[in-house]
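A.B. asks: See run_4.tsv below, with TSV, C-alpha atoms.
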```tsv
chain	number	residue	atom	x	y	z
Q	1	MET	CA	0.00	0.00	0.00
Q	2	ASP	CA	1.22	3.49	-0.85
Q	3	ASN	CA	2.38	5.33	2.28
Q	4	ALA	CA	0.20	8.31	1.35
Q	5	GLN	CA	-2.89	6.14	1.80
Q	6	LEU	CA	-2.01	5.01	5.32
Q	7	LYS	CA	-3.82	6.54	8.29
Q	8	PRO	CA	-4.23	5.78	12.01
Q	9	VAL	CA	-6.67	2.96	12.66
Q	10	PRO	CA	-8.44	2.28	16.00
Q	11	ARG	CA	-7.83	-1.12	17.49
Q	12	PRO	CA	-10.34	-3.87	16.63
Q	13	GLY	CA	-13.77	-3.44	18.17
Q	14	ILE	CA	-13.71	0.32	18.77
Q	15	LEU	CA	-15.64	1.22	15.62
Q	16	ASP	CA	-18.26	-1.39	16.55
Q	17	ILE	CA	-19.27	0.71	19.55
Q	18	ALA	CA	-22.45	2.75	19.21
Q	19	ALA	CA	-21.68	6.17	20.69
Q	20	TYR	CA	-23.85	7.33	23.59
Q	21	VAL	CA	-26.59	9.72	22.46
Q	22	PRO	CA	-27.95	12.00	25.20
Q	23	GLY	CA	-31.55	13.16	25.33
Q	24	LYS	CA	-32.51	16.01	23.02
Q	25	GLU	CA	-32.62	19.53	24.42
Q	26	HIS	CA	-34.30	21.69	21.81
Q	27	ALA	CA	-37.74	22.08	20.25
Q	28	PRO	CA	-37.35	24.18	17.10
Q	29	GLY	CA	-39.96	26.88	16.71
Q	30	VAL	CA	-41.18	26.63	20.31
Q	31	ALA	CA	-40.85	29.75	22.45
Q	32	ARG	CA	-40.54	28.03	25.83
Q	33	VAL	CA	-39.06	24.59	26.35
Q	34	PHE	CA	-39.12	22.29	29.38
Q	35	LYS	CA	-36.33	19.74	29.19
Q	36	LEU	CA	-37.54	16.59	30.94
Q	37	SER	CA	-35.21	14.18	29.20
Q	38	SER	CA	-32.08	14.05	31.38
Q	39	ASN	CA	-33.29	13.36	34.95
Q	40	GLU	CA	-32.11	16.75	36.19
Q	41	THR	CA	-33.59	17.98	39.47
Q	42	PRO	CA	-36.04	20.87	39.11
Q	43	LEU	CA	-34.88	22.35	42.42
Q	44	GLY	CA	-31.32	22.96	41.22
Q	45	ALA	CA	-28.33	22.87	43.54
Q	46	SER	CA	-28.14	23.80	47.20
Q	47	PRO	CA	-27.48	27.53	47.75
Q	48	LYS	CA	-24.57	26.46	49.95
Q	49	ALA	CA	-23.09	24.51	47.03
Q	50	LEU	CA	-23.45	27.54	44.76
Q	51	ASP	CA	-21.69	29.75	47.31
Q	52	ALA	CA	-18.84	27.25	47.61
Q	53	PHE	CA	-18.53	27.11	43.82
Q	54	ARG	CA	-18.29	30.91	43.57
Q	55	GLN	CA	-15.64	31.11	46.27
Q	56	SER	CA	-13.54	28.42	44.61
Q	57	ALA	CA	-13.81	30.20	41.26
Q	58	GLY	CA	-11.65	32.97	42.69
Q	59	HIS	CA	-8.61	30.68	42.66
Q	60	LEU	CA	-8.66	29.07	39.22
Q	61	GLU	CA	-4.90	29.45	38.83
Q	62	LEU	CA	-4.34	26.71	41.41
Q	63	TYR	CA	-4.39	22.97	40.76
Q	64	PRO	CA	-7.13	21.10	42.63
Q	65	ASP	CA	-6.42	18.60	45.38
Q	66	GLY	CA	-5.56	15.46	43.41
Q	67	GLN	CA	-7.06	13.26	46.14
Q	68	ALA	CA	-10.27	15.29	46.57
Q	69	ASN	CA	-9.77	14.96	50.32
Q	70	GLU	CA	-12.38	17.56	51.28
Q	71	LEU	CA	-15.05	15.86	49.21
Q	72	ARG	CA	-14.13	12.35	50.34
Q	73	ALA	CA	-14.29	13.54	53.95
Q	74	ALA	CA	-17.74	15.07	53.42
Q	75	ILE	CA	-19.03	11.87	51.81
Q	76	ALA	CA	-17.54	9.76	54.58
Q	77	GLU	CA	-19.06	11.99	57.23
Q	78	THR	CA	-22.52	11.91	55.67
Q	79	HIS	CA	-22.65	8.16	55.02
Q	80	ARG	CA	-20.48	7.11	58.00
Q	81	LEU	CA	-17.82	5.51	55.83
Q	82	ASN	CA	-14.05	5.24	55.86
Q	83	ALA	CA	-12.73	7.96	53.53
Q	84	ALA	CA	-9.90	5.62	52.51
Q	85	ASN	CA	-12.48	3.43	50.75
Q	86	ILE	CA	-13.89	6.32	48.69
Q	87	LEU	CA	-12.69	7.29	45.22
Q	88	CYS	CA	-14.01	10.39	43.46
Q	89	GLY	CA	-14.23	10.82	39.72
Q	90	ASN	CA	-15.29	13.06	36.87
Q	91	GLY	CA	-18.81	11.72	37.07
Q	92	SER	CA	-19.52	8.09	37.90
Q	93	ASP	CA	-18.99	7.44	34.17
Q	94	GLU	CA	-15.25	7.91	34.65
Q	95	LEU	CA	-15.20	5.44	37.52
Q	96	LEU	CA	-17.10	2.83	35.49
Q	97	GLY	CA	-14.58	3.35	32.70
Q	98	LEU	CA	-11.64	2.92	35.07
Q	99	LEU	CA	-13.07	-0.36	36.35
Q	100	CYS	CA	-13.32	-1.72	32.82
Q	101	HIS	CA	-9.89	-0.39	31.84
Q	102	VAL	CA	-8.22	-2.03	34.84
Q	103	TYR	CA	-10.11	-5.31	35.16
Q	104	LEU	CA	-11.27	-6.21	31.63
Q	105	GLY	CA	-9.45	-7.15	28.44
Q	106	ALA	CA	-9.68	-9.24	25.32
Q	107	GLY	CA	-11.31	-12.60	26.01
Q	108	ASP	CA	-13.12	-11.40	29.14
Q	109	GLU	CA	-16.88	-11.07	29.53
Q	110	ALA	CA	-18.98	-8.65	31.56
Q	111	ILE	CA	-22.68	-9.13	32.20
Q	112	ILE	CA	-25.23	-6.35	31.72
Q	113	THR	CA	-29.04	-6.43	31.64
Q	114	GLU	CA	-31.14	-5.65	28.58
Q	115	HIS	CA	-32.40	-2.28	29.84
Q	116	GLY	CA	-29.26	-1.27	31.72
Q	117	PHE	CA	-27.39	2.03	31.36
Q	118	LEU	CA	-25.86	2.19	27.87
Q	119	VAL	CA	-22.50	3.38	29.18
Q	120	TYR	CA	-21.80	-0.09	30.63
Q	121	LYS	CA	-21.70	-1.67	27.18
Q	122	ILE	CA	-19.62	1.18	25.76
Q	123	GLN	CA	-16.98	0.90	28.48
Q	124	ILE	CA	-16.86	-2.90	28.30
Q	125	MET	CA	-16.30	-2.86	24.55
Q	126	GLY	CA	-13.84	0.01	24.90
Q	127	ALA	CA	-11.72	-2.22	27.13
Q	128	GLY	CA	-11.72	-4.94	24.46
Q	129	ALA	CA	-14.02	-7.26	26.42
Q	130	THR	CA	-17.36	-8.77	25.43
Q	131	PRO	CA	-20.67	-7.57	26.89
Q	132	VAL	CA	-23.14	-10.35	27.67
Q	133	THR	CA	-26.72	-9.09	27.83
Q	134	VAL	CA	-29.32	-10.96	29.88
Q	135	LYS	CA	-33.08	-10.50	29.80
Q	136	GLU	CA	-35.00	-8.61	32.43
Q	137	THR	CA	-38.46	-9.67	33.65
Q	138	GLU	CA	-41.15	-7.00	33.31
Q	139	CYS	CA	-38.56	-4.20	33.48
Q	140	ARG	CA	-36.86	-5.75	36.51
Q	141	VAL	CA	-33.40	-7.25	36.83
Q	142	ASN	CA	-33.59	-11.06	36.94
Q	143	VAL	CA	-30.95	-12.44	39.31
Q	144	ASP	CA	-31.36	-16.01	38.10
Q	145	ALA	CA	-30.80	-14.93	34.49
Q	146	ILE	CA	-27.59	-13.20	35.48
Q	147	LEU	CA	-26.27	-16.18	37.41
Q	148	ALA	CA	-27.11	-18.48	34.51
Q	149	ALA	CA	-24.99	-16.29	32.20
Q	150	VAL	CA	-21.83	-16.54	34.31
Q	151	THR	CA	-18.96	-18.43	32.66
Q	152	PRO	CA	-15.25	-18.81	33.42
Q	153	LYS	CA	-14.76	-15.74	31.20
Q	154	THR	CA	-16.99	-13.54	33.36
Q	155	LYS	CA	-15.03	-10.84	35.19
Q	156	MET	CA	-17.69	-8.24	36.01
Q	157	VAL	CA	-21.46	-7.81	36.50
Q	158	PHE	CA	-23.15	-4.40	36.20
Q	159	ILE	CA	-26.43	-3.65	37.99
Q	160	ALA	CA	-28.12	-0.25	37.92
Q	161	ASN	CA	-30.10	-0.20	41.15
Q	162	PRO	CA	-32.48	1.55	40.77
Q	163	GLY	CA	-32.54	0.98	37.04
Q	164	ASN	CA	-32.47	3.57	34.29
Q	165	PRO	CA	-34.71	3.99	32.29
Q	166	THR	CA	-37.06	1.56	34.07
Q	167	GLY	CA	-37.09	3.16	37.53
Q	168	THR	CA	-37.43	-0.26	39.17
Q	169	TYR	CA	-35.14	-1.65	41.87
Q	170	VAL	CA	-33.65	-4.91	43.08
Q	171	PRO	CA	-34.44	-5.66	46.75
Q	172	ALA	CA	-31.46	-6.04	49.07
Q	173	ALA	CA	-32.05	-9.76	49.58
Q	174	GLU	CA	-31.89	-10.37	45.83
Q	175	VAL	CA	-28.68	-8.35	45.46
Q	176	ARG	CA	-27.12	-10.40	48.24
Q	177	ARG	CA	-28.30	-13.62	46.59
Q	178	LEU	CA	-26.70	-12.48	43.35
Q	179	HIS	CA	-23.42	-11.72	45.09
Q	180	ALA	CA	-23.43	-15.06	46.91
Q	181	GLY	CA	-23.81	-16.87	43.58
Q	182	LEU	CA	-20.90	-15.12	41.86
Q	183	PRO	CA	-17.32	-16.42	41.82
Q	184	LYS	CA	-15.15	-14.38	44.16
Q	185	ASN	CA	-13.00	-13.12	41.28
Q	186	VAL	CA	-16.01	-11.47	39.61
Q	187	ILE	CA	-16.63	-7.82	40.51
Q	188	LEU	CA	-20.24	-6.87	41.20
Q	189	VAL	CA	-20.76	-3.22	40.25
Q	190	LEU	CA	-23.77	-1.59	41.93
Q	191	ASP	CA	-24.60	1.68	40.18
Q	192	ALA	CA	-26.77	3.53	42.70
Q	193	ALA	CA	-27.13	6.87	40.89
Q	194	TYR	CA	-30.73	7.28	42.08
Q	195	ALA	CA	-30.38	5.79	45.57
Q	196	GLU	CA	-31.28	9.00	47.39
Q	197	TYR	CA	-34.81	8.94	45.95
Q	198	VAL	CA	-35.69	5.41	47.08
Q	199	ARG	CA	-38.04	5.10	50.05
Q	200	GLU	CA	-38.61	1.33	50.01
Q	201	ASN	CA	-37.69	-0.52	53.20
Q	202	ASP	CA	-36.18	-3.50	51.37
Q	203	TYR	CA	-33.71	-1.43	49.35
Q	204	GLU	CA	-29.98	-1.01	50.04
Q	205	SER	CA	-27.68	1.16	47.93
Q	206	GLY	CA	-24.80	-1.28	48.33
Q	207	ILE	CA	-22.87	0.25	51.22
Q	208	GLU	CA	-23.56	-2.68	53.53
Q	209	LEU	CA	-22.53	-5.29	50.97
Q	210	VAL	CA	-19.36	-3.44	49.97
Q	211	SER	CA	-18.37	-3.24	53.62
Q	212	SER	CA	-18.46	-7.02	53.96
Q	213	ALA	CA	-17.07	-8.16	50.59
Q	214	GLN	CA	-13.88	-7.92	48.55
Q	215	ASN	CA	-15.48	-8.02	45.10
Q	216	VAL	CA	-18.27	-5.42	45.27
Q	217	VAL	CA	-18.16	-1.71	44.46
Q	218	MET	CA	-20.89	0.91	44.59
Q	219	THR	CA	-20.95	4.03	42.44
Q	220	ARG	CA	-22.93	7.21	43.17
Q	221	THR	CA	-23.35	10.60	41.56
Q	222	PHE	CA	-23.91	14.27	42.38
Q	223	SER	CA	-25.70	14.81	39.05
Q	224	LYS	CA	-29.19	13.84	40.19
Q	225	VAL	CA	-30.67	14.84	43.54
Q	226	TYR	CA	-27.70	17.12	44.34
Q	227	GLY	CA	-28.22	19.14	41.17
Q	228	LEU	CA	-24.55	19.34	40.16
Q	229	ALA	CA	-24.74	17.63	36.76
Q	230	ALA	CA	-22.73	20.42	35.11
Q	231	LEU	CA	-19.76	19.75	37.39
Q	232	ARG	CA	-19.50	15.98	36.71
Q	233	ILE	CA	-18.94	14.55	40.21
Q	234	GLY	CA	-19.12	10.85	40.97
Q	235	TRP	CA	-17.82	8.65	43.75
Q	236	MET	CA	-17.16	5.01	44.41
Q	237	TYR	CA	-17.16	3.05	47.64
Q	238	GLY	CA	-15.11	-0.11	47.38
Q	239	PRO	CA	-12.49	-2.47	48.81
Q	240	ALA	CA	-8.99	-1.08	49.33
Q	241	ASP	CA	-7.39	-3.40	46.77
Q	242	ILE	CA	-9.74	-2.34	43.98
Q	243	LEU	CA	-9.36	1.37	44.76
Q	244	ASP	CA	-5.59	0.98	44.88
Q	245	ALA	CA	-5.60	-0.50	41.38
Q	246	LEU	CA	-7.86	2.24	40.00
Q	247	ASN	CA	-5.79	5.00	41.59
Q	248	ARG	CA	-2.72	3.75	39.71
Q	249	VAL	CA	-4.26	4.71	36.36
Q	250	ARG	CA	-6.60	7.53	37.41
Q	251	GLY	CA	-5.72	10.99	36.13
Q	252	PRO	CA	-3.86	12.97	38.83
Q	253	PHE	CA	-6.33	15.89	38.85
Q	254	ASN	CA	-9.51	14.24	37.59
Q	255	LEU	CA	-11.84	16.43	39.66
Q	256	ASN	CA	-11.72	20.23	39.40
Q	257	ALA	CA	-11.54	22.49	42.44
Q	258	PRO	CA	-14.99	24.14	42.09
Q	259	ALA	CA	-16.52	20.67	41.82
Q	260	ILE	CA	-14.78	19.50	44.98
Q	261	ALA	CA	-15.92	22.59	46.88
Q	262	ALA	CA	-19.51	22.53	45.61
Q	263	GLY	CA	-19.87	18.79	46.11
Q	264	SER	CA	-18.61	19.01	49.69
Q	265	ALA	CA	-21.10	21.75	50.53
Q	266	ALA	CA	-23.96	20.00	48.70
Q	267	ILE	CA	-23.70	16.69	50.52
Q	268	ARG	CA	-23.51	18.43	53.87
Q	269	ASP	CA	-26.75	20.31	53.17
Q	270	GLN	CA	-29.04	17.37	53.81
Q	271	ALA	CA	-31.97	19.65	54.70
Q	272	PHE	CA	-32.02	20.91	51.10
Q	273	ILE	CA	-31.74	17.35	49.79
Q	274	GLY	CA	-34.65	16.31	51.97
Q	275	THR	CA	-36.79	19.01	50.40
Q	276	ALA	CA	-35.85	17.78	46.92
Q	277	ILE	CA	-36.69	14.19	47.82
Q	278	ASP	CA	-40.08	15.16	49.26
Q	279	TYR	CA	-40.94	17.21	46.19
Q	280	ASN	CA	-40.01	14.30	43.93
Q	281	ALA	CA	-42.10	11.79	45.92
Q	282	LEU	CA	-45.13	14.08	45.74
Q	283	TRP	CA	-44.97	14.51	41.97
Q	284	LEU	CA	-43.96	10.95	41.22
Q	285	ASP	CA	-47.27	9.82	42.71
Q	286	LYS	CA	-49.28	12.57	41.03
Q	287	LEU	CA	-47.82	11.92	37.59
Q	288	THR	CA	-48.21	8.15	37.88
Q	289	HIS	CA	-51.86	8.53	38.83
Q	290	ALA	CA	-52.55	11.09	36.10
Q	291	PHE	CA	-50.96	9.06	33.31
Q	292	THR	CA	-52.62	5.84	34.44
Q	293	THR	CA	-55.97	7.61	34.45
Q	294	LEU	CA	-55.35	8.56	30.81
Q	295	GLY	CA	-55.03	4.86	29.96
Q	296	LEU	CA	-51.26	4.81	29.73
Q	297	LYS	CA	-49.15	2.11	31.35
Q	298	VAL	CA	-46.49	3.42	33.74
Q	299	THR	CA	-43.70	1.24	35.11
Q	300	PRO	CA	-43.66	1.68	38.93
Q	301	SER	CA	-40.69	3.91	39.72
Q	302	VAL	CA	-38.64	4.67	42.84
Q	303	THR	CA	-36.55	7.30	41.08
Q	304	ASN	CA	-37.05	10.85	39.76
Q	305	PHE	CA	-38.46	9.72	36.42
Q	306	LEU	CA	-41.23	7.63	34.92
Q	307	LEU	CA	-41.22	5.17	32.03
Q	308	ILE	CA	-44.48	5.75	30.14
Q	309	HIS	CA	-45.70	3.07	27.70
Q	310	PHE	CA	-48.00	4.01	24.82
Q	311	PRO	CA	-50.71	2.05	22.97
Q	312	ASP	CA	-49.65	0.06	19.94
Q	313	VAL	CA	-52.15	1.98	17.84
Q	314	ASP	CA	-51.55	4.12	14.77
Q	315	GLY	CA	-51.11	7.74	15.77
Q	316	LYS	CA	-50.79	6.94	19.48
Q	317	ARG	CA	-47.36	5.32	19.70
Q	318	ALA	CA	-44.37	6.77	21.54
Q	319	PRO	CA	-42.81	8.50	18.49
Q	320	ASP	CA	-46.17	10.20	17.83
Q	321	ALA	CA	-46.41	11.31	21.46
Q	322	ASP	CA	-42.81	12.52	21.38
Q	323	GLU	CA	-43.51	14.68	18.34
Q	324	PHE	CA	-46.74	16.00	19.85
Q	325	LEU	CA	-45.13	16.90	23.19
Q	326	THR	CA	-42.07	18.45	21.57
Q	327	SER	CA	-44.28	20.71	19.47
Q	328	ARG	CA	-45.67	22.05	22.74
Q	329	GLY	CA	-42.28	22.52	24.36
Q	330	TYR	CA	-42.10	19.36	26.49
Q	331	ILE	CA	-39.00	17.29	25.76
Q	332	LEU	CA	-39.08	13.71	27.06
Q	333	ARG	CA	-36.53	10.96	26.44
Q	334	ALA	CA	-37.06	8.47	23.64
Q	335	VAL	CA	-35.75	5.12	24.90
Q	336	LYS	CA	-35.70	2.93	21.80
Q	337	GLY	CA	-31.96	2.39	22.35
Q	338	TYR	CA	-32.78	0.90	25.75
Q	339	GLY	CA	-35.18	-1.63	24.27
Q	340	PHE	CA	-38.38	0.39	24.63
Q	341	PRO	CA	-39.42	1.57	21.15
Q	342	ASN	CA	-42.94	2.38	22.34
Q	343	ALA	CA	-42.17	4.26	25.54
Q	344	LEU	CA	-40.91	7.64	26.71
Q	345	ARG	CA	-39.07	8.49	29.91
Q	346	MET	CA	-40.14	11.64	31.74
Q	347	THR	CA	-38.16	13.35	34.45
Q	348	VAL	CA	-40.14	14.83	37.34
Q	349	GLY	CA	-39.87	18.52	36.53
Q	350	PRO	CA	-41.12	21.87	37.82
Q	351	GLU	CA	-44.81	21.96	38.72
Q	352	GLU	CA	-45.66	23.98	35.62
Q	353	ALA	CA	-43.99	21.42	33.37
Q	354	ASN	CA	-45.56	18.45	35.15
Q	355	ARG	CA	-49.05	19.89	34.82
Q	356	GLY	CA	-48.34	20.85	31.24
Q	357	VAL	CA	-47.35	17.30	30.26
Q	358	ILE	CA	-50.45	15.90	31.96
Q	359	ASP	CA	-52.67	18.28	29.97
Q	360	ALA	CA	-50.78	17.68	26.72
Q	361	LEU	CA	-50.97	13.90	27.03
Q	362	GLY	CA	-54.66	14.20	27.87
Q	363	GLU	CA	-55.10	16.05	24.58
Q	364	PHE	CA	-52.91	13.51	22.76
Q	365	MET	CA	-54.95	10.60	24.10
Q	366	GLY	CA	-58.19	12.36	23.25
Q	367	LYS	CA	-59.23	12.75	26.89
Q	368	ALA	CA	-58.66	16.44	27.42
```
Mind turning this structure into structure tokens?
C.D. replies:
Amino acid sequence: MDNAQLKPVPRPGILDIAAYVPGKEHAPGVARVFKLSSNETPLGASPKALDAFRQSAGHLELYPDGQANELRAAIAETHRLNAANILCGNGSDELLGLLCHVYLGAGDEAIITEHGFLVYKIQIMGAGATPVTVKETECRVNVDAILAAVTPKTKMVFIANPGNPTGTYVPAAEVRRLHAGLPKNVILVLDAAYAEYVRENDYESGIELVSSAQNVVMTRTFSKVYGLAALRIGWMYGPADILDALNRVRGPFNLNAPAIAAGSAAIRDQAFIGTAIDYNALWLDKLTHAFTTLGLKVTPSVTNFLLIHFPDVDGKRAPDADEFLTSRGYILRAVKGYGFPNALRMTVGPEEANRGVIDALGEFMGKA
């Protein structure tokens, strides 16, 4: 081949990855838009977090603390954990990527569920490993299906608990049964991005299991209830050996200083978080009731969003509803890529937006 025709080529498998596509943000031709597609909190961030961010912004010439000690201490204080077992990252996405980079390679397998967070598959394939997808049962993770998929090649299992975009959760007893059935060299990754919203008595975020096991990690985020999505703050609670391995390849300053300051203030302001959780619980019930009354099926959710299923009828399917709502300024999340071609995911939004979607869907369904 002529040297002029040569060009850099990604390693095998990279171009097979379908890039992550976030929810849309714009509705062309609409004066006012409510974005309900990204599970962002309508209450925003704590005023104390905003103040901390502003103060930190006065010292942008300085490198941040490469260990994020202030933030790790605040997390440890709030959740009563050992700060040495906490690792912070540029969003939980970075931490999931580090896990795959360090523990997966060619010939390895990692198990995901059919409606799990799309980033899992991307990171697994990015590490050169093979994702193994198992079926869920009525939008719920099936522990037996996961255990049946384990082979000698399995090195990792990813569980979003609660799940996104389903909003369902795996009870603590089932998570423990899953862990007990896994080989001890397989890492169980519990992605608890929406844990703060859950009010069910039989739910555990993963802290208890991590504390008693050597092959379990839990990831959390500040992007949801804490309202700091723009700053990209995630954290992991895990065994010392796993964190030691990840720290060896982690970028030295992977979290910026304003993020560390704002995150520390946000997690300490639990009164504000309590208000956000109460608001979400109120509207989650109201929206579920309203949509069900319209004849729509809604998957029971413990998160800050709802998965709404539409009739398989011409003119009434999810793409039709998406177009109708967008034309009125309400942007929901199409979830065909998650295995739900006839459903939309709606974030609990401001009261005006919530009421507006109820009225718009009533009109769409012919029940206004």
A.B. asks: Can you tell me how far atom CA of Q:Ala192 sits from atom CA of Q:Ala19, in Å to one decimal?
C.D. replies: 22.7 Å
A.B. asks: Under the rule that all atoms listed in the file are counted, which of Q:Phe253, Q:Tyr20, Q:Phe34, Q:Phe340 is the nearest residue to Q:Pro319?
C.D. replies: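 That would be Q:Phe340, the residue with the smallest distance to Q:Pro319.
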A.B. asks: Would you pick out the contacts of Q:Phe305 at 6 Å or less, using only C-alpha atoms, so that residues sharing its chain but fewer than 2 positions from it are not included, and give the list as a list of chain:residue names?
C.D. replies: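 Non-adjacent residues within range: Q:Thr303, Q:Met346, Q:Thr347, Q:Val348.
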A.B. asks: Write out, as CSV, each residue of stretch 2-84 of chain Q that has an atom at most 8 Å from stretch 271-277 of chain Q, together with the closest pair of atoms and their distance in Å to one decimal, counting all atoms listed in the file, rows going by chain and rising number.
C.D. replies:
```
residue,atom,partner,partner_atom,distance
Q:Thr41,CA,Q:Ala276,CA,7.8
Q:Leu43,CA,Q:Ala276,CA,6.5
Q:Ser46,CA,Q:Phe272,CA,6.2
```
A.B. asks: Report as a PDB file with C-alpha atoms, in the frame of the given file all protein, DNA and RNA residues lying within 12 Å of Q:Val335, evaluated on all atoms listed in the file, omitting residues in the same chain fewer than 5 positions from it.
C.D. replies:
```
ATOM      1  CA  VAL Q  21     -26.590   9.720  22.460  1.00  0.00           C
ATOM      2  CA  PRO Q  22     -27.950  12.000  25.200  1.00  0.00           C
ATOM      3  CA  GLY Q  23     -31.550  13.160  25.330  1.00  0.00           C
ATOM      4  CA  LYS Q  24     -32.510  16.010  23.020  1.00  0.00           C
ATOM      5  CA  SER Q  37     -35.210  14.180  29.200  1.00  0.00           C
ATOM      6  CA  SER Q  38     -32.080  14.050  31.380  1.00  0.00           C
ATOM      7  CA  HIS Q 115     -32.400  -2.280  29.840  1.00  0.00           C
ATOM      8  CA  GLY Q 116     -29.260  -1.270  31.720  1.00  0.00           C
ATOM      9  CA  PHE Q 117     -27.390   2.030  31.360  1.00  0.00           C
ATOM     10  CA  LEU Q 118     -25.860   2.190  27.870  1.00  0.00           C
ATOM     11  CA  ASN Q 164     -32.470   3.570  34.290  1.00  0.00           C
ATOM     12  CA  PRO Q 165     -34.710   3.990  32.290  1.00  0.00           C
ATOM     13  CA  THR Q 166     -37.060   1.560  34.070  1.00  0.00           C
ATOM     14  CA  LEU Q 306     -41.230   7.630  34.920  1.00  0.00           C
ATOM     15  CA  LEU Q 307     -41.220   5.170  32.030  1.00  0.00           C
ATOM     16  CA  ILE Q 308     -44.480   5.750  30.140  1.00  0.00           C
ATOM     17  CA  HIS Q 309     -45.700   3.070  27.700  1.00  0.00           C
ATOM     18  CA  ALA Q 318     -44.370   6.770  21.540  1.00  0.00           C
ATOM     19  CA  PRO Q 319     -42.810   8.500  18.490  1.00  0.00           C
ATOM     20  CA  ASP Q 322     -42.810  12.520  21.380  1.00  0.00           C
ATOM     21  CA  PHE Q 340     -38.380   0.390  24.630  1.00  0.00           C
ATOM     22  CA  PRO Q 341     -39.420   1.570  21.150  1.00  0.00           C
ATOM     23  CA  ASN Q 342     -42.940   2.380  22.340  1.00  0.00           C
ATOM     24  CA  ALA Q 343     -42.170   4.260  25.540  1.00  0.00           C
ATOM     25  CA  LEU Q 344     -40.910   7.640  26.710  1.00  0.00           C
ATOM     26  CA  ARG Q 345     -39.070   8.490  29.910  1.00  0.00           C
ATOM     27  CA  MET Q 346     -40.140  11.640  31.740  1.00  0.00           C
TER      28      MET Q 346
END
```
A.B. asks: Measure the distance from atom CA of Q:Ala145 to atom CA of Q:Arg176 in Å and round it to one decimal.
C.D. replies: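 Answer for the atom CA of Q:Ala145 to atom CA of Q:Arg176 separation: 14.9 Å.
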A.B. asks: Name all residues at most 12 Å from Q:Asp244 (count all atoms listed in the file; drop same-chain ones fewer than 6 positions away) and give them as a ChimeraX atom specification.
C.D. replies: /Q:84-87,98-99,102,238,250
A.B. asks: Just want the 12 Å neighbourhood of Q:Ala149, counted on all atoms listed in the file, with same-chain residues fewer than 4 positions away dropped. Output as a list in words.
C.D. replies: Glu109, Ala110, Ile111, Ile112, Thr113, Pro131, Val132, Thr133, Val134, Lys135, Asn142, Val143, Asp144, Ala145, Lys153, Thr154, Lys155, Met156, Val157, Leu178, Gly181 and Leu182 of chain Q
A.B. asks: Within 9 Å of Q:Ala360, counting all atoms listed in the file, which residues show up once you throw out same-chain ones fewer than 6 positions away? Write them as a list in words, please.
C.D. replies: Phe324, Leu325, Arg328, Tyr330 and Ala368 of chain Q
A.B. asks: Of the residues Q:Ala27, Q:Cys88, Q:Ile124, Q:Cys139, which is the one nearest to Q:Asn254, using all atoms listed in the file?
C.D. replies: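 Looking only at the distances to Q:Asn254, the closest residue turns out to be Q:Cys88.
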A.B. asks: Any idea what the distance is between atom CA of Q:Asp285 and atom CA of Q:Ala45?
C.D. replies: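 Between these atoms lies a distance of 23.0 Å.
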A.B. asks: Nearest residue to Q:Arg140 out of Q:Ala83, Q:Ala213, Q:Ala281, Q:Gly163, using only C-alpha atoms?
C.D. replies: Q:Gly163
A.B. asks: Using only C-alpha atoms, which of Q:Tyr120, Q:Trp235, Q:Tyr197, Q:Phe310 sits nearest Q:Ile159?
C.D. replies: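 Comparing Q:Tyr120, Q:Trp235, Q:Tyr197, Q:Phe310 against Q:Ile159, the winner is Q:Tyr120.
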A.B. asks: Hey, which of Q:Val249, Q:Ala257, Q:Gly167, Q:Gly206 ends up closest to Q:Leu284? Count all atoms listed in the file.
C.D. replies: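 Comparing Q:Val249, Q:Ala257, Q:Gly167, Q:Gly206 against Q:Leu284, the winner is Q:Gly167.
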A.B. asks: Given the choices Q:Tyr279, Q:Phe53, Q:Tyr237, Q:Tyr194, which gets closest to Q:Val302 if the distance is worked out from only C-alpha atoms?
C.D. replies: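 Using only C-alpha atoms, Q:Val302 sits closest to Q:Tyr194.
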A.B. asks: Output, as JSON, the centre and edge lengths in Å (one decimal) of the axis-aligned box that contains all listed atoms of stretch 63-77 of chain Q with 5 Å of margin on each side.
C.D. replies:
```
{"center_x": -11.7, "center_y": 16.4, "center_z": 49.0, "size_x": 24.7, "size_y": 23.2, "size_z": 26.5}
```
A.B. asks: Copy stretch 210-214 of chain Q out of the block into a file, keeping N, CA, C and O atoms, as a PDB file, in the first residue's frame.
C.D. replies:
```pdb
ATOM      1  N   VAL Q 210     -20.754  -3.803  50.232  1.00  0.00           N
ATOM      2  CA  VAL Q 210     -19.357  -3.443  49.967  1.00  0.00           C
ATOM      3  C   VAL Q 210     -18.522  -3.606  51.239  1.00  0.00           C
ATOM      4  O   VAL Q 210     -17.383  -4.084  51.201  1.00  0.00           O
ATOM      5  N   SER Q 211     -19.103  -3.202  52.348  1.00  0.00           N
ATOM      6  CA  SER Q 211     -18.366  -3.238  53.622  1.00  0.00           C
ATOM      7  C   SER Q 211     -17.999  -4.645  54.062  1.00  0.00           C
ATOM      8  O   SER Q 211     -17.089  -4.823  54.876  1.00  0.00           O
ATOM      9  N   SER Q 212     -18.696  -5.644  53.512  1.00  0.00           N
ATOM     10  CA  SER Q 212     -18.460  -7.023  53.960  1.00  0.00           C
ATOM     11  C   SER Q 212     -17.899  -7.915  52.860  1.00  0.00           C
ATOM     12  O   SER Q 212     -17.795  -9.128  53.055  1.00  0.00           O
ATOM     13  N   ALA Q 213     -17.540  -7.346  51.716  1.00  0.00           N
ATOM     14  CA  ALA Q 213     -17.066  -8.158  50.589  1.00  0.00           C
ATOM     15  C   ALA Q 213     -15.829  -7.548  49.956  1.00  0.00           C
ATOM     16  O   ALA Q 213     -15.557  -6.356  50.115  1.00  0.00           O
ATOM     17  N   GLN Q 214     -15.089  -8.373  49.225  1.00  0.00           N
ATOM     18  CA  GLN Q 214     -13.880  -7.915  48.546  1.00  0.00           C
ATOM     19  C   GLN Q 214     -14.067  -7.766  47.045  1.00  0.00           C
ATOM     20  O   GLN Q 214     -13.135  -7.367  46.347  1.00  0.00           O
TER      21      GLN Q 214
END
```
